[in-house]
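J.: Sharing work.tsv, TSV, C-alpha atoms:
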```tsv
chain	number	residue	atom	x	y	z
E	8	MET	CA	73.25	107.05	100.11
E	9	VAL	CA	73.86	103.34	100.47
E	10	GLN	CA	70.62	101.40	100.84
E	11	TYR	CA	70.32	98.61	103.35
E	12	GLN	CA	70.29	95.35	101.44
E	13	ALA	CA	69.26	92.47	103.71
E	14	HIS	CA	70.29	89.88	101.11
E	15	LEU	CA	73.91	91.03	101.50
E	16	ASP	CA	73.75	89.96	105.18
E	17	THR	CA	72.55	86.44	104.39
E	18	ALA	CA	74.78	85.94	101.33
E	19	PHE	CA	78.01	87.10	103.00
E	20	ALA	CA	77.17	85.10	106.16
E	21	ALA	CA	76.47	82.01	104.02
E	22	LEU	CA	79.84	82.43	102.25
E	23	SER	CA	81.80	82.90	105.50
E	24	ASP	CA	81.94	79.16	106.23
E	25	PRO	CA	84.46	76.88	104.45
E	26	THR	CA	82.09	73.87	104.45
E	27	ARG	CA	79.36	75.92	102.81
E	28	ARG	CA	81.78	77.23	100.17
E	29	GLY	CA	82.85	73.59	99.63
E	30	ILE	CA	79.22	72.54	99.14
E	31	LEU	CA	78.78	75.21	96.46
E	32	VAL	CA	81.92	74.05	94.63
E	33	ARG	CA	80.63	70.48	94.81
E	34	LEU	CA	77.25	71.51	93.41
E	35	GLY	CA	79.10	73.36	90.66
E	36	ARG	CA	80.15	69.94	89.34
E	37	HIS	CA	76.74	68.27	89.64
E	38	ASP	CA	73.54	68.39	91.65
E	39	ALA	CA	73.63	66.22	94.77
E	40	SER	CA	71.26	64.86	97.37
E	41	ILE	CA	71.61	66.10	100.96
E	42	THR	CA	72.56	62.53	101.93
E	43	ASP	CA	75.36	62.44	99.33
E	44	LEU	CA	76.65	65.79	100.53
E	45	ALA	CA	76.61	64.65	104.18
E	46	THR	CA	78.64	61.56	103.26
E	47	LYS	CA	81.05	63.54	101.10
E	48	PHE	CA	81.74	66.08	103.85
E	49	GLY	CA	81.81	63.45	106.65
E	50	MET	CA	78.95	65.16	108.43
E	51	THR	CA	75.67	64.13	110.04
E	52	LEU	CA	72.53	64.55	107.97
E	53	THR	CA	71.30	67.12	110.51
E	54	GLY	CA	74.52	69.13	110.23
E	55	MET	CA	74.37	69.09	106.41
E	56	LYS	CA	70.67	70.07	106.39
E	57	LYS	CA	71.54	73.12	108.48
E	58	HIS	CA	74.29	74.23	106.09
E	59	VAL	CA	72.11	73.66	103.02
E	60	SER	CA	69.26	75.56	104.68
E	61	ILE	CA	71.53	78.59	105.24
E	62	LEU	CA	72.64	78.44	101.60
E	63	GLU	CA	69.01	78.10	100.50
E	64	ASP	CA	67.90	81.10	102.60
E	65	ALA	CA	70.68	83.12	100.95
E	66	GLY	CA	69.44	82.05	97.49
E	67	LEU	CA	72.70	80.26	96.63
E	68	VAL	CA	71.13	76.81	96.54
E	69	THR	CA	67.71	75.48	95.55
E	70	THR	CA	66.45	72.15	96.84
E	71	GLU	CA	63.71	69.93	95.48
E	72	LYS	CA	62.23	66.85	97.09
E	73	VAL	CA	61.35	63.96	94.82
E	74	GLY	CA	60.09	60.91	96.68
E	75	ARG	CA	62.30	60.53	99.72
E	76	THR	CA	65.31	62.31	98.25
E	77	ARG	CA	65.99	66.03	98.54
E	78	THR	CA	68.34	67.21	95.80
E	79	ALA	CA	70.30	70.46	95.93
E	80	ARG	CA	71.49	72.52	92.99
E	81	LEU	CA	73.19	75.91	92.57
E	82	GLY	CA	71.31	79.19	92.25
E	83	PRO	CA	69.26	81.16	91.60
E	84	ARG	CA	71.15	84.19	92.98
E	85	ARG	CA	74.07	85.47	90.90
E	86	LEU	CA	75.59	87.58	93.72
E	87	GLU	CA	75.75	90.67	91.54
E	88	ASP	CA	75.01	93.04	94.46
E	89	GLU	CA	77.74	91.36	96.54
E	90	THR	CA	80.28	91.88	93.75
E	91	ALA	CA	79.12	95.49	93.36
E	92	TRP	CA	79.51	96.07	97.09
E	93	ILE	CA	83.07	94.70	97.17
E	94	GLU	CA	83.93	96.79	94.10
E	95	MET	CA	82.60	99.89	95.84
E	96	TYR	CA	84.79	99.09	98.86
E	97	ARG	CA	87.84	98.72	96.59
E	98	THR	CA	87.11	102.02	94.83
E	99	MET	CA	86.78	103.80	98.20
E	100	LEU	CA	90.05	102.25	99.38
E	101	GLU	CA	91.89	103.34	96.23
E	102	GLU	CA	90.55	106.87	96.53
E	103	ARG	CA	91.66	107.05	100.16
E	104	LEU	CA	95.13	105.77	99.22
E	105	ASN	CA	95.42	108.28	96.36
E	106	ARG	CA	94.45	111.15	98.63
E	107	LEU	CA	97.00	109.96	101.23
E	108	GLU	CA	99.67	109.79	98.52
E	109	ASP	CA	98.83	113.33	97.34
E	110	PHE	CA	99.04	114.55	100.91
E	111	LEU	CA	102.46	112.91	101.41
E	112	GLU	CA	103.71	114.36	98.11
E	113	ARG	CA	102.61	117.86	99.11
E	114	THR	CA	104.20	117.47	102.54
E	115	LYS	CA	107.49	116.40	100.95
E	116	GLU	CA	107.54	119.42	98.63
E	117	LYS	CA	107.29	121.88	101.51
A	22	MET	CA	91.15	71.77	93.84
A	23	VAL	CA	89.97	74.77	95.78
A	24	GLN	CA	92.36	75.68	98.57
A	25	TYR	CA	91.04	76.61	101.98
A	26	GLN	CA	91.48	80.33	102.42
A	27	ALA	CA	90.91	81.35	106.05
A	28	HIS	CA	90.82	85.05	105.16
A	29	LEU	CA	87.66	84.41	103.13
A	30	ASP	CA	85.94	83.28	106.37
A	31	THR	CA	86.84	86.44	108.27
A	32	ALA	CA	86.22	88.84	105.37
A	33	PHE	CA	82.79	87.45	104.41
A	34	ALA	CA	81.77	87.28	108.10
A	35	ALA	CA	82.92	90.90	108.59
A	36	LEU	CA	80.86	92.00	105.56
A	37	SER	CA	77.71	90.13	106.69
A	38	ASP	CA	76.71	92.86	109.17
A	39	PRO	CA	75.00	96.07	107.97
A	40	THR	CA	76.61	98.22	110.69
A	41	ARG	CA	80.08	97.02	109.69
A	42	ARG	CA	79.36	97.73	106.02
A	43	GLY	CA	78.13	101.16	107.12
A	44	ILE	CA	81.39	101.78	109.02
A	45	LEU	CA	83.39	100.95	105.88
A	46	VAL	CA	81.32	103.36	103.77
A	47	ARG	CA	81.84	106.04	106.44
A	48	LEU	CA	85.61	105.44	106.46
A	49	GLY	CA	85.52	105.67	102.67
A	50	ARG	CA	84.71	109.37	103.12
A	51	HIS	CA	87.31	110.10	105.78
A	52	ASP	CA	89.21	108.44	108.62
A	53	ALA	CA	87.37	108.56	111.94
A	54	SER	CA	88.03	107.92	115.61
A	55	ILE	CA	86.24	105.02	117.30
A	56	THR	CA	84.44	107.58	119.49
A	57	ASP	CA	83.18	109.48	116.41
A	58	LEU	CA	81.99	106.23	114.84
A	59	ALA	CA	80.18	105.20	118.04
A	60	THR	CA	78.37	108.57	118.13
A	61	LYS	CA	77.56	108.46	114.42
A	62	PHE	CA	76.06	104.96	114.66
A	63	GLY	CA	74.31	105.63	118.01
A	64	MET	CA	76.24	102.83	119.66
A	65	THR	CA	78.21	102.32	122.87
A	66	LEU	CA	81.97	102.62	122.63
A	67	THR	CA	82.27	98.95	123.60
A	68	GLY	CA	79.88	97.90	120.83
A	69	MET	CA	81.75	99.97	118.25
A	70	LYS	CA	85.14	98.65	119.40
A	71	LYS	CA	83.85	95.11	118.82
A	72	HIS	CA	82.73	95.90	115.26
A	73	VAL	CA	85.98	97.71	114.42
A	74	SER	CA	87.98	94.83	115.87
A	75	ILE	CA	86.17	92.33	113.58
A	76	LEU	CA	86.87	94.60	110.58
A	77	GLU	CA	90.50	94.94	111.67
A	78	ASP	CA	90.95	91.15	112.04
A	79	ALA	CA	89.57	90.79	108.50
A	80	GLY	CA	92.09	93.37	107.22
A	81	LEU	CA	89.38	95.79	106.07
A	82	VAL	CA	90.28	98.46	108.62
A	83	THR	CA	93.53	99.61	110.21
A	84	THR	CA	93.56	101.47	113.50
A	85	GLU	CA	96.24	103.66	115.01
A	86	LYS	CA	96.35	105.11	118.49
A	87	VAL	CA	97.76	108.61	118.87
A	88	GLY	CA	97.54	109.91	122.42
A	89	ARG	CA	94.12	108.93	123.75
A	90	THR	CA	92.44	108.70	120.35
A	91	ARG	CA	92.26	105.56	118.22
A	92	THR	CA	91.66	106.41	114.57
A	93	ALA	CA	90.36	103.93	112.00
A	94	ARG	CA	90.96	103.98	108.27
A	95	LEU	CA	90.18	101.66	105.35
A	96	GLY	CA	92.47	98.86	104.24
A	97	PRO	CA	94.87	97.27	103.64
A	98	ARG	CA	93.01	94.29	102.09
A	99	ARG	CA	91.59	94.80	98.61
A	100	LEU	CA	89.28	91.75	98.75
A	101	GLU	CA	90.58	90.37	95.48
A	102	ASP	CA	90.23	86.73	96.58
A	103	GLU	CA	86.66	87.39	97.70
A	104	THR	CA	85.79	88.85	94.29
A	105	ALA	CA	87.51	85.89	92.59
A	106	TRP	CA	85.52	83.46	94.72
A	107	ILE	CA	82.18	85.06	93.88
A	108	GLU	CA	83.14	85.15	90.18
A	109	MET	CA	83.95	81.43	90.34
A	110	TYR	CA	80.53	80.78	91.89
A	111	ARG	CA	78.86	82.76	89.09
A	112	THR	CA	80.79	80.87	86.38
A	113	MET	CA	79.78	77.53	87.95
A	114	LEU	CA	76.14	78.66	88.11
A	115	GLU	CA	76.15	79.74	84.46
A	116	GLU	CA	77.70	76.45	83.36
A	117	ARG	CA	75.07	74.51	85.31
A	118	LEU	CA	72.28	76.58	83.74
A	119	ASN	CA	73.73	76.11	80.24
A	120	ARG	CA	73.93	72.36	80.72
A	121	LEU	CA	70.34	72.30	82.01
A	122	GLU	CA	69.24	74.31	78.98
A	123	ASP	CA	71.03	71.90	76.61
A	124	PHE	CA	69.36	68.99	78.35
A	125	LEU	CA	65.91	70.60	78.01
A	126	GLU	CA	66.57	71.36	74.31
A	127	ARG	CA	67.58	67.77	73.62
A	128	THR	CA	64.54	66.47	75.51
A	129	LYS	CA	62.24	68.73	73.46
A	130	GLU	CA	63.70	67.47	70.17
A	131	LYS	CA	62.96	63.88	70.97
```
Show how you would write the structure in this file as structure tokens.

T.:
Amino acid sequence: MVQYQAHLDTAFAALSDPTRRGILVRLGRHDASITDLATKFGMTLTGMKKHVSILEDAGLVTTEKVGRTRTARLGPRRLEDETAWIEMYRTMLEERLNRLEDFLERTKEK
Amino acid sequence: MVQYQAHLDTAFAALSDPTRRGILVRLGRHDASITDLATKFGMTLTGMKKHVSILEDAGLVTTEKVGRTRTARLGPRRLEDETAWIEMYRTMLEERLNRLEDFLERTKEK
């Protein structure tokens, strides 16, 4: 039985946008303020806040406000369940392909 | 430089919905017609067709029409780039955490 994992919804949805993946790569180099990120990605502050908020809700980014500056950094989620899910998909696919191959082999022999 | 990979957008978006993940798990057991899937998930045929179409566009499901029945099966994509992307994220996160730890250690020593 596969349990429903709500965090898979938010994490996969967060990762489905190229700008958001770009933000994560950027934060992999160093922490950055929302303003810096907006400038870097040629985006309005409002647009960037929305992307960062989606990443934050998915646990891929943490933000902290010091004075007037909100800084974003990677984490805390390590996406282990997401990796496990994709691996399960790949295992299922391989099993299906093997069974199809067996079936074709048996059909050929007849 | 991280290249823009459009198939990451469609695959992650396809995986962000619990019903679509459920369909993949179901197809992992055996191929199924769209009608069977709609019944199984208590959904209209139109609703199911939409989900299957999103999975098909992402390369996670292949459909074939024989007579009046359209059958869905897993594949052909193995989601290797998606796994690689998540692994890259995790490596970046670990490096950031290690650097933060080093910084805290050095600060403590002073």

J.: May I have the residues at most 10 Å from (83.2, 98.6, 117.5) in the file's coordinates, counting all atoms listed in the file, as a PyMOL selection string?

T.: chain A and resi 40-41+44+55-56+58-59+62+64-76

J.: How would chain A read as a PDB file with C-alpha atoms, keeping the file's coordinate frame after a least-squares superposition onto chain E over every Cα atom, matched in order?

T.:
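The file below, part.pdb, is the result:
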```pdb
ATOM      1  CA  MET A  22      73.257 107.039 100.205  1.00  0.00           C
ATOM      2  CA  VAL A  23      73.836 103.332 100.490  1.00  0.00           C
ATOM      3  CA  GLN A  24      70.592 101.418 100.851  1.00  0.00           C
ATOM      4  CA  TYR A  25      70.307  98.608 103.353  1.00  0.00           C
ATOM      5  CA  GLN A  26      70.269  95.354 101.446  1.00  0.00           C
ATOM      6  CA  ALA A  27      69.241  92.461 103.707  1.00  0.00           C
ATOM      7  CA  HIS A  28      70.278  89.867 101.121  1.00  0.00           C
ATOM      8  CA  LEU A  29      73.885  91.034 101.504  1.00  0.00           C
ATOM      9  CA  ASP A  30      73.724  89.963 105.186  1.00  0.00           C
ATOM     10  CA  THR A  31      72.526  86.450 104.394  1.00  0.00           C
ATOM     11  CA  ALA A  32      74.763  85.943 101.346  1.00  0.00           C
ATOM     12  CA  PHE A  33      78.001  87.112 103.011  1.00  0.00           C
ATOM     13  CA  ALA A  34      77.162  85.105 106.166  1.00  0.00           C
ATOM     14  CA  ALA A  35      76.465  82.011 104.019  1.00  0.00           C
ATOM     15  CA  LEU A  36      79.830  82.440 102.249  1.00  0.00           C
ATOM     16  CA  SER A  37      81.785  82.915 105.512  1.00  0.00           C
ATOM     17  CA  ASP A  38      81.917  79.166 106.239  1.00  0.00           C
ATOM     18  CA  PRO A  39      84.442  76.908 104.450  1.00  0.00           C
ATOM     19  CA  THR A  40      82.095  73.891 104.452  1.00  0.00           C
ATOM     20  CA  ARG A  41      79.345  75.933 102.794  1.00  0.00           C
ATOM     21  CA  ARG A  42      81.776  77.228 100.166  1.00  0.00           C
ATOM     22  CA  GLY A  43      82.850  73.613  99.651  1.00  0.00           C
ATOM     23  CA  ILE A  44      79.213  72.547  99.142  1.00  0.00           C
ATOM     24  CA  LEU A  45      78.792  75.227  96.461  1.00  0.00           C
ATOM     25  CA  VAL A  46      81.934  74.072  94.632  1.00  0.00           C
ATOM     26  CA  ARG A  47      80.641  70.483  94.817  1.00  0.00           C
ATOM     27  CA  LEU A  48      77.247  71.521  93.411  1.00  0.00           C
ATOM     28  CA  GLY A  49      79.111  73.370  90.667  1.00  0.00           C
ATOM     29  CA  ARG A  50      80.158  69.944  89.356  1.00  0.00           C
ATOM     30  CA  HIS A  51      76.764  68.280  89.626  1.00  0.00           C
ATOM     31  CA  ASP A  52      73.544  68.394  91.639  1.00  0.00           C
ATOM     32  CA  ALA A  53      73.637  66.227  94.757  1.00  0.00           C
ATOM     33  CA  SER A  54      71.269  64.866  97.376  1.00  0.00           C
ATOM     34  CA  ILE A  55      71.625  66.090 100.960  1.00  0.00           C
ATOM     35  CA  THR A  56      72.565  62.522 101.945  1.00  0.00           C
ATOM     36  CA  ASP A  57      75.371  62.432  99.337  1.00  0.00           C
ATOM     37  CA  LEU A  58      76.657  65.799 100.544  1.00  0.00           C
ATOM     38  CA  ALA A  59      76.608  64.654 104.185  1.00  0.00           C
ATOM     39  CA  THR A  60      78.647  61.551 103.262  1.00  0.00           C
ATOM     40  CA  LYS A  61      81.054  63.533 101.091  1.00  0.00           C
ATOM     41  CA  PHE A  62      81.737  66.081 103.848  1.00  0.00           C
ATOM     42  CA  GLY A  63      81.818  63.456 106.647  1.00  0.00           C
ATOM     43  CA  MET A  64      78.954  65.163 108.428  1.00  0.00           C
ATOM     44  CA  THR A  65      75.673  64.135 110.047  1.00  0.00           C
ATOM     45  CA  LEU A  66      72.540  64.566 107.977  1.00  0.00           C
ATOM     46  CA  THR A  67      71.287  67.123 110.505  1.00  0.00           C
ATOM     47  CA  GLY A  68      74.502  69.143 110.234  1.00  0.00           C
ATOM     48  CA  MET A  69      74.365  69.100 106.437  1.00  0.00           C
ATOM     49  CA  LYS A  70      70.674  70.066 106.390  1.00  0.00           C
ATOM     50  CA  LYS A  71      71.547  73.122 108.495  1.00  0.00           C
ATOM     51  CA  HIS A  72      74.288  74.232 106.086  1.00  0.00           C
ATOM     52  CA  VAL A  73      72.102  73.663 103.013  1.00  0.00           C
ATOM     53  CA  SER A  74      69.258  75.555 104.664  1.00  0.00           C
ATOM     54  CA  ILE A  75      71.529  78.600 105.246  1.00  0.00           C
ATOM     55  CA  LEU A  76      72.639  78.448 101.587  1.00  0.00           C
ATOM     56  CA  GLU A  77      69.011  78.107 100.489  1.00  0.00           C
ATOM     57  CA  ASP A  78      67.887  81.110 102.592  1.00  0.00           C
ATOM     58  CA  ALA A  79      70.676  83.123 100.939  1.00  0.00           C
ATOM     59  CA  GLY A  80      69.445  82.049  97.478  1.00  0.00           C
ATOM     60  CA  LEU A  81      72.704  80.272  96.615  1.00  0.00           C
ATOM     61  CA  VAL A  82      71.134  76.812  96.545  1.00  0.00           C
ATOM     62  CA  THR A  83      67.727  75.475  95.535  1.00  0.00           C
ATOM     63  CA  THR A  84      66.455  72.157  96.826  1.00  0.00           C
ATOM     64  CA  GLU A  85      63.738  69.919  95.461  1.00  0.00           C
ATOM     65  CA  LYS A  86      62.248  66.850  97.069  1.00  0.00           C
ATOM     66  CA  VAL A  87      61.357  63.953  94.790  1.00  0.00           C
ATOM     67  CA  GLY A  88      60.101  60.922  96.681  1.00  0.00           C
ATOM     68  CA  ARG A  89      62.332  60.513  99.728  1.00  0.00           C
ATOM     69  CA  THR A  90      65.338  62.299  98.242  1.00  0.00           C
ATOM     70  CA  ARG A  91      66.015  66.025  98.529  1.00  0.00           C
ATOM     71  CA  THR A  92      68.352  67.211  95.783  1.00  0.00           C
ATOM     72  CA  ALA A  93      70.310  70.465  95.921  1.00  0.00           C
ATOM     73  CA  ARG A  94      71.517  72.532  92.997  1.00  0.00           C
ATOM     74  CA  LEU A  95      73.205  75.919  92.563  1.00  0.00           C
ATOM     75  CA  GLY A  96      71.302  79.173  92.239  1.00  0.00           C
ATOM     76  CA  PRO A  97      69.245  81.166  91.568  1.00  0.00           C
ATOM     77  CA  ARG A  98      71.148  84.200  92.952  1.00  0.00           C
ATOM     78  CA  ARG A  99      74.073  85.455  90.889  1.00  0.00           C
ATOM     79  CA  LEU A 100      75.577  87.566  93.707  1.00  0.00           C
ATOM     80  CA  GLU A 101      75.748  90.669  91.556  1.00  0.00           C
ATOM     81  CA  ASP A 102      75.007  93.036  94.460  1.00  0.00           C
ATOM     82  CA  GLU A 103      77.709  91.361  96.541  1.00  0.00           C
ATOM     83  CA  THR A 104      80.261  91.872  93.758  1.00  0.00           C
ATOM     84  CA  ALA A 105      79.105  95.494  93.371  1.00  0.00           C
ATOM     85  CA  TRP A 106      79.502  96.061  97.102  1.00  0.00           C
ATOM     86  CA  ILE A 107      83.047  94.703  97.191  1.00  0.00           C
ATOM     87  CA  GLU A 108      83.931  96.773  94.100  1.00  0.00           C
ATOM     88  CA  MET A 109      82.599  99.884  95.851  1.00  0.00           C
ATOM     89  CA  TYR A 110      84.777  99.083  98.873  1.00  0.00           C
ATOM     90  CA  ARG A 111      87.824  98.716  96.608  1.00  0.00           C
ATOM     91  CA  THR A 112      87.109 102.030  94.835  1.00  0.00           C
ATOM     92  CA  MET A 113      86.773 103.797  98.212  1.00  0.00           C
ATOM     93  CA  LEU A 114      90.049 102.243  99.397  1.00  0.00           C
ATOM     94  CA  GLU A 115      91.886 103.327  96.245  1.00  0.00           C
ATOM     95  CA  GLU A 116      90.553 106.873  96.535  1.00  0.00           C
ATOM     96  CA  ARG A 117      91.665 107.038 100.171  1.00  0.00           C
ATOM     97  CA  LEU A 118      95.136 105.767  99.239  1.00  0.00           C
ATOM     98  CA  ASN A 119      95.416 108.263  96.365  1.00  0.00           C
ATOM     99  CA  ARG A 120      94.465 111.137  98.638  1.00  0.00           C
ATOM    100  CA  LEU A 121      96.999 109.963 101.238  1.00  0.00           C
ATOM    101  CA  GLU A 122      99.658 109.779  98.531  1.00  0.00           C
ATOM    102  CA  ASP A 123      98.832 113.320  97.343  1.00  0.00           C
ATOM    103  CA  PHE A 124      99.058 114.542 100.912  1.00  0.00           C
ATOM    104  CA  LEU A 125     102.470 112.889 101.398  1.00  0.00           C
ATOM    105  CA  GLU A 126     103.715 114.360  98.083  1.00  0.00           C
ATOM    106  CA  ARG A 127     102.620 117.853  99.074  1.00  0.00           C
ATOM    107  CA  THR A 128     104.213 117.461 102.511  1.00  0.00           C
ATOM    108  CA  LYS A 129     107.505 116.364 100.912  1.00  0.00           C
ATOM    109  CA  GLU A 130     107.563 119.403  98.608  1.00  0.00           C
ATOM    110  CA  LYS A 131     107.309 121.833 101.455  1.00  0.00           C
TER     111      LYS A 131
END
```

J.: Quick one: which chain E residues come within 9 Å of chain A, and what is the nearest atom pair for each with the distance in Å to one decimal, counting only C-alpha atoms, rows ordered by chain and ascending number, as JSON lines?

T.:
```
{"residue": "E:Val9", "atom": "CA", "partner": "A:Val46", "partner_atom": "CA", "distance": 8.2}
{"residue": "E:Tyr11", "atom": "CA", "partner": "A:Pro39", "partner_atom": "CA", "distance": 7.0}
{"residue": "E:Gln12", "atom": "CA", "partner": "A:Pro39", "partner_atom": "CA", "distance": 8.1}
{"residue": "E:Ala13", "atom": "CA", "partner": "A:Pro39", "partner_atom": "CA", "distance": 8.0}
{"residue": "E:Leu15", "atom": "CA", "partner": "A:Ser37", "partner_atom": "CA", "distance": 6.5}
{"residue": "E:Asp16", "atom": "CA", "partner": "A:Ser37", "partner_atom": "CA", "distance": 4.2}
{"residue": "E:Thr17", "atom": "CA", "partner": "A:Ser37", "partner_atom": "CA", "distance": 6.7}
{"residue": "E:Ala18", "atom": "CA", "partner": "A:Ser37", "partner_atom": "CA", "distance": 7.4}
{"residue": "E:Phe19", "atom": "CA", "partner": "A:Ser37", "partner_atom": "CA", "distance": 4.8}
{"residue": "E:Ala20", "atom": "CA", "partner": "A:Ser37", "partner_atom": "CA", "distance": 5.1}
{"residue": "E:Ala21", "atom": "CA", "partner": "A:Phe33", "partner_atom": "CA", "distance": 8.3}
{"residue": "E:Leu22", "atom": "CA", "partner": "A:Phe33", "partner_atom": "CA", "distance": 6.2}
{"residue": "E:Ser23", "atom": "CA", "partner": "A:Asp30", "partner_atom": "CA", "distance": 4.2}
{"residue": "E:Asp24", "atom": "CA", "partner": "A:Asp30", "partner_atom": "CA", "distance": 5.7}
{"residue": "E:Pro25", "atom": "CA", "partner": "A:Asp30", "partner_atom": "CA", "distance": 6.8}
{"residue": "E:Gly29", "atom": "CA", "partner": "A:Val23", "partner_atom": "CA", "distance": 8.2}
{"residue": "E:Leu31", "atom": "CA", "partner": "A:Tyr110", "partner_atom": "CA", "distance": 7.4}
{"residue": "E:Val32", "atom": "CA", "partner": "A:Tyr110", "partner_atom": "CA", "distance": 7.4}
{"residue": "E:Leu34", "atom": "CA", "partner": "A:Met113", "partner_atom": "CA", "distance": 8.5}
{"residue": "E:Gly35", "atom": "CA", "partner": "A:Met113", "partner_atom": "CA", "distance": 5.0}
{"residue": "E:Arg36", "atom": "CA", "partner": "A:Met113", "partner_atom": "CA", "distance": 7.7}
{"residue": "E:His37", "atom": "CA", "partner": "A:Arg117", "partner_atom": "CA", "distance": 7.8}
{"residue": "E:Asp38", "atom": "CA", "partner": "A:Arg117", "partner_atom": "CA", "distance": 8.9}
{"residue": "E:Arg80", "atom": "CA", "partner": "A:Arg117", "partner_atom": "CA", "distance": 8.7}
{"residue": "E:Leu81", "atom": "CA", "partner": "A:Leu114", "partner_atom": "CA", "distance": 6.0}
{"residue": "E:Gly82", "atom": "CA", "partner": "A:Leu114", "partner_atom": "CA", "distance": 6.4}
{"residue": "E:Pro83", "atom": "CA", "partner": "A:Leu114", "partner_atom": "CA", "distance": 8.1}
{"residue": "E:Arg84", "atom": "CA", "partner": "A:Arg111", "partner_atom": "CA", "distance": 8.8}
{"residue": "E:Arg85", "atom": "CA", "partner": "A:Arg111", "partner_atom": "CA", "distance": 5.8}
{"residue": "E:Leu86", "atom": "CA", "partner": "A:Ile107", "partner_atom": "CA", "distance": 7.1}
{"residue": "E:Glu87", "atom": "CA", "partner": "A:Arg111", "partner_atom": "CA", "distance": 8.8}
{"residue": "E:Glu89", "atom": "CA", "partner": "A:Ile107", "partner_atom": "CA", "distance": 8.2}
{"residue": "E:Thr90", "atom": "CA", "partner": "A:Thr104", "partner_atom": "CA", "distance": 6.3}
{"residue": "E:Ile93", "atom": "CA", "partner": "A:Leu100", "partner_atom": "CA", "distance": 7.1}
{"residue": "E:Glu94", "atom": "CA", "partner": "A:Thr104", "partner_atom": "CA", "distance": 8.2}
{"residue": "E:Met95", "atom": "CA", "partner": "A:Val46", "partner_atom": "CA", "distance": 8.8}
{"residue": "E:Tyr96", "atom": "CA", "partner": "A:Val46", "partner_atom": "CA", "distance": 7.4}
{"residue": "E:Arg97", "atom": "CA", "partner": "A:Arg99", "partner_atom": "CA", "distance": 5.8}
{"residue": "E:Thr98", "atom": "CA", "partner": "A:Gly49", "partner_atom": "CA", "distance": 8.8}
{"residue": "E:Met99", "atom": "CA", "partner": "A:Gly49", "partner_atom": "CA", "distance": 5.0}
{"residue": "E:Leu100", "atom": "CA", "partner": "A:Leu95", "partner_atom": "CA", "distance": 6.0}
{"residue": "E:Glu101", "atom": "CA", "partner": "A:Arg99", "partner_atom": "CA", "distance": 8.9}
{"residue": "E:Glu102", "atom": "CA", "partner": "A:Gly49", "partner_atom": "CA", "distance": 8.0}
{"residue": "E:Arg103", "atom": "CA", "partner": "A:Gly49", "partner_atom": "CA", "distance": 6.8}
{"residue": "E:Leu104", "atom": "CA", "partner": "A:Leu95", "partner_atom": "CA", "distance": 8.9}
```

J.: Can you tell me how far atom CA of Arg89 of chain A sits from atom CA of Phe110 of chain E, in Å to one decimal?

T.: 24.0 Å

J.: I'd like the interatomic distance between atom CA of Asp123 of chain A and atom CA of Ala65 of chain E, to a tenth of an Å.

T.: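 It comes out at 26.8 Å.
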
J.: When you draw a straight line from atom CA of Arg106 of chain E to atom CA of Gly80 of chain A, how long is it in Å?

T.: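 Distance reported for this atom pair: 19.9 Å.
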